[in-house]
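Peer 1: Dropping a structure here in structure tokens format, bear with me for questions.
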Amino acid sequence: MTLSADLWEQSLWHATAEEPSPGSDAPLDATVLVIGGGFSGLSTALHLAERGVAVTLVEAKQIGFGASGRNGGQVIPGLKLDPSEMRARWGEAEGSRLAAFAGAAADRVFDLIDRHDIACGATRNGWIQGAHSALALKAVHARAKEWEAEGAPVEFYGAGSMAEATGTAAYVGGWRDLRAGLVNPLSYARGLARAARAAGVTIVTGSPVRAVRRSGQGWALDLDGESISGKTAVLATNAYDTALMPKLARSILPVQSTMLATEPLPGHIAGTILPQGACCSETRKLAFYYRMTPDGRFAIGGRGATGAEHSQALQDALEGGMRRMFPQLADVRVEHAWSGHLALTMDHLPHLHEPEPGLWTVAAYNGRGVAMATAMGAALAERIAEGTPLPLPETPIRPIAWHAVRGPVMDIGVRYYWMKDKLGFPS
């Protein structure tokens, strides 16, 4: 049995990270205690420290061990909701504020990379969304028009221009959002940790938090053999914890994604795939997402298992799909394969909660974690330090009624979405 969590060091990002692992400091009391060394926790800690707040961040494993170090490195602005849906849900003023915040999420990432000189292979050549049917194409062109109206630079593709932009004839068209880009996500996480430490954050790694408990007017974290205290605590563990706040864990759906990376491609092959340097994902619910890397590899991700174990069968299916979509990769060797968990919500939105005064949680980016987790961490830091209103309303924790049987329910859901994808419905 191979656990998905154990494949972290098998990833391409681990093998090619330019930023070194930050190591560990001794635990210290602080004004704010952050649990989790992924993008959410690191961004929260960094932006608090830049405001003069004393912060200790505690990570059970290593910086970027969870979804932050395992994802495709696609820096995509926006939420799963389009601007018109945001305004319909929250009203013109609040919906517009959220649309502006979400639309600028990728800017936040690349600004941090530039400001802190993070070595993460960053490029900014856009994100392409490929439509697998005429229905899906209509939906994505409507989405592109909405973001164009918000001031975003976009391009519209038909079948021919889409094939030229991607290197595959798998789509009937699509669009390109030029605000987006690419990073080595593990290097980016490590660079955020380096910047946070330089700003004064205490970073503790390899130290699981065993409990979060009220202590006087603040909060205490119980580590193995010691305790640290602070005025405020932030739980930013996303899909990688079920014990510290079980009610929160029952409100999100942890799902696995599998990734592959090939050997470096010969130049005549590499030049045929995503020649503009963009990344791509699909309108299918059970979608592929893919990119080229700075050293000329093709990296692709897709559905993984619904449990903790890595699925070799789904890895093989992903490889088969890669070779079908891109016949030019028929004889190319796969050098890296790994998987990890991300968090989904039923409303397709990130969730911010303050279940008790001074205790915050932030989780679930539904596949948009690089940009949105960075931006949400910054927004939460502003809220904690200055009382600034959050761009996305804080909500009560609402556990999913069928969470205890999520495995079989999600398997049924996979079959349902597979059928919708086959019939051409957009996600």
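In the structure tokens, chains take letters A, B, ... by order of appearance, with residues numbered from 1 within each chain and ligands from 1 in the order shown.
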Could you list, as number ranges by chain, every residue within 9 Å of Asp295 (chain A), counting only C-alpha atoms and ignoring same-chain residues fewer than 2 positions away?
Peer 2: A: 264-265, 292-293, 297
Peer 1: Restrict the selected residues to C-alpha atoms and save them as a compact mmCIF listing (two decimals), in the first residue's frame.
Peer 2:
```
# COMPACT_ATOMS: atom_id res chain seq x y z
CA PRO A 264 12.85 16.70 -20.57
CA LEU A 265 11.41 16.73 -24.09
CA MET A 292 5.45 22.83 -19.56
CA THR A 293 8.26 23.32 -17.03
CA ARG A 297 9.16 18.69 -19.24
```
Peer 1: Determine, counting only C-alpha atoms, which protein, DNA and RNA residues have an atom within 10 Å of an atom of His116 (chain A); residues of the same chain fewer than 5 positions away are not included. Present the result as a ChimeraX atom specification.
Peer 2: /A:110-111,191-192,194-196,198
Peer 1: Write out the residues from the selection above, keeping C-alpha atoms, as a PDB file, in the first residue's frame.
Peer 2:
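The resulting file, again.pdb, is reproduced below:
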```
ATOM      1  CA  PHE A 110       3.764  37.700  -8.536  1.00  0.00           C
ATOM      2  CA  ASP A 111       4.191  40.868  -6.466  1.00  0.00           C
ATOM      3  CA  GLY A 191      10.355  31.422  -0.522  1.00  0.00           C
ATOM      4  CA  LEU A 192       7.347  32.699   1.423  1.00  0.00           C
ATOM      5  CA  ARG A 194      12.151  32.648   3.973  1.00  0.00           C
ATOM      6  CA  ALA A 195      10.463  36.039   3.595  1.00  0.00           C
ATOM      7  CA  ALA A 196       8.303  35.456   6.673  1.00  0.00           C
ATOM      8  CA  ALA A 198      13.157  37.612   7.575  1.00  0.00           C
TER       9      ALA A 198
END
```
Peer 1: Excluding region 235-250 of chain A and any residue of its chain fewer than 3 positions from it, enumerate the residues within 7 Å of it, using only C-alpha atoms, and give them as a list of chain:residue names.
Peer 2: A:Val34, A:Ile35, A:Gly36, A:Ser40, A:Gly41, A:Gly66, A:Ala211, A:Val212, A:Pro254, A:His341, A:Leu342, A:Ala343, A:Trp360, A:Thr361, A:Val362, A:Ala363, A:Ala364, A:Ile397, A:Pro399, A:Ile400, A:His403
Peer 1: Could you take the residues named above and write them with C-alpha atoms, as a short mmCIF file (atom, residue, chain, number, x, y, z; two decimals), in the first residue's frame?
Peer 2:
```
data_model
loop_
_atom_site.label_atom_id
_atom_site.label_comp_id
_atom_site.auth_asym_id
_atom_site.auth_seq_id
_atom_site.Cartn_x
_atom_site.Cartn_y
_atom_site.Cartn_z
CA VAL A 34 -0.53 29.95 12.86
CA ILE A 35 -0.97 26.22 12.32
CA GLY A 36 0.02 25.04 8.85
CA SER A 40 -2.59 30.16 3.59
CA GLY A 41 -0.56 29.97 6.76
CA GLY A 66 0.49 19.45 1.77
CA ALA A 211 -4.52 20.37 20.56
CA VAL A 212 -5.76 23.94 20.24
CA PRO A 254 -10.62 16.11 0.79
CA HIS A 341 -5.07 16.08 -1.33
CA LEU A 342 -6.88 19.34 -1.92
CA ALA A 343 -10.08 20.55 -0.27
CA TRP A 360 -9.76 31.65 12.81
CA THR A 361 -9.84 28.97 10.15
CA VAL A 362 -9.31 29.30 6.42
CA ALA A 363 -9.58 26.41 3.97
CA ALA A 364 -10.74 24.98 0.66
CA ILE A 397 -18.95 26.02 10.10
CA PRO A 399 -20.56 20.05 8.47
CA ILE A 400 -21.65 18.04 5.44
CA HIS A 403 -19.39 13.29 5.37
#
```
Peer 1: Taking only C-alpha atoms into account, produce a table as JSON lines in which each residue of region 298-408 of chain A with an atom at most 12 Å from an atom of region 14-26 of chain A appears once, together with its shortest atom pair and the distance in Å to one decimal, ordered by chain and rising number.
Peer 2:
```
{"residue": "A:Glu335", "atom": "CA", "partner": "A:Ala15", "partner_atom": "CA", "distance": 10.9}
{"residue": "A:His336", "atom": "CA", "partner": "A:Ala15", "partner_atom": "CA", "distance": 9.2}
{"residue": "A:Ala337", "atom": "CA", "partner": "A:His14", "partner_atom": "CA", "distance": 11.5}
{"residue": "A:Trp338", "atom": "CA", "partner": "A:His14", "partner_atom": "CA", "distance": 10.6}
```
Peer 1: Mind writing the picked residues with N, CA and C atoms as a compact mmCIF listing (two decimals), in the first residue's frame?
Peer 2:
```txt
# COMPACT_ATOMS: atom_id res chain seq x y z
N GLU A 335 9.00 10.44 -15.67
CA GLU A 335 10.05 10.35 -14.66
C GLU A 335 9.56 10.58 -13.24
N HIS A 336 8.46 11.32 -13.08
CA HIS A 336 7.97 11.62 -11.73
C HIS A 336 6.46 11.38 -11.68
N ALA A 337 6.01 10.79 -10.59
CA ALA A 337 4.57 10.59 -10.36
C ALA A 337 4.30 10.76 -8.87
N TRP A 338 3.28 11.54 -8.55
CA TRP A 338 2.94 11.77 -7.16
C TRP A 338 1.47 12.17 -7.06
```
Peer 1: Which of these, A:Arg197, A:Ser11, A:Val334, A:Ala60, has the shortest distance to Leu223 (chain A) once you count only C-alpha atoms?
Peer 2: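 Selected residue with least distance to Leu223 (chain A): A:Ala60.
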Peer 1: Taking the chain letters and numbering used in this document, name the residues of region 216-264 of chain A that DSSP puts in strand (DSSP E or B), as number ranges by chain.
Peer 2: A: 218-223, 226-230, 232-235, 253-262
Peer 1: Would you mind exporting C-alpha atoms of the selected residues as a CSV table (one decimal), in the first residue's frame?
Peer 2:
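Generated output (out.csv):
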```
chain,number,residue,atom,x,y,z
A,218,GLY,CA,-6.1,33.8,24.3
A,219,TRP,CA,-5.1,30.4,22.9
A,220,ALA,CA,-2.6,27.7,23.5
A,221,LEU,CA,-1.1,25.1,21.1
A,222,ASP,CA,-0.1,21.8,22.7
A,223,LEU,CA,3.0,20.4,20.9
A,226,GLU,CA,5.4,21.8,25.5
A,227,SER,CA,2.9,24.5,24.9
A,228,ILE,CA,2.9,27.9,23.3
A,229,SER,CA,0.4,30.7,23.8
A,230,GLY,CA,-0.9,33.6,21.9
A,232,THR,CA,-5.1,34.7,18.3
A,233,ALA,CA,-4.8,31.3,16.6
A,234,VAL,CA,-5.2,30.5,12.9
A,235,LEU,CA,-5.9,27.0,11.7
A,253,LEU,CA,-14.2,17.2,1.1
A,254,PRO,CA,-10.6,16.1,0.8
A,255,VAL,CA,-10.0,14.8,-2.7
A,256,GLN,CA,-6.9,13.5,-4.3
A,257,SER,CA,-5.2,14.7,-7.5
A,258,THR,CA,-2.5,12.8,-9.3
A,259,MET,CA,0.4,14.4,-11.2
A,260,LEU,CA,2.9,13.1,-13.7
A,261,ALA,CA,6.0,14.8,-15.2
A,262,THR,CA,7.9,13.5,-18.2
```
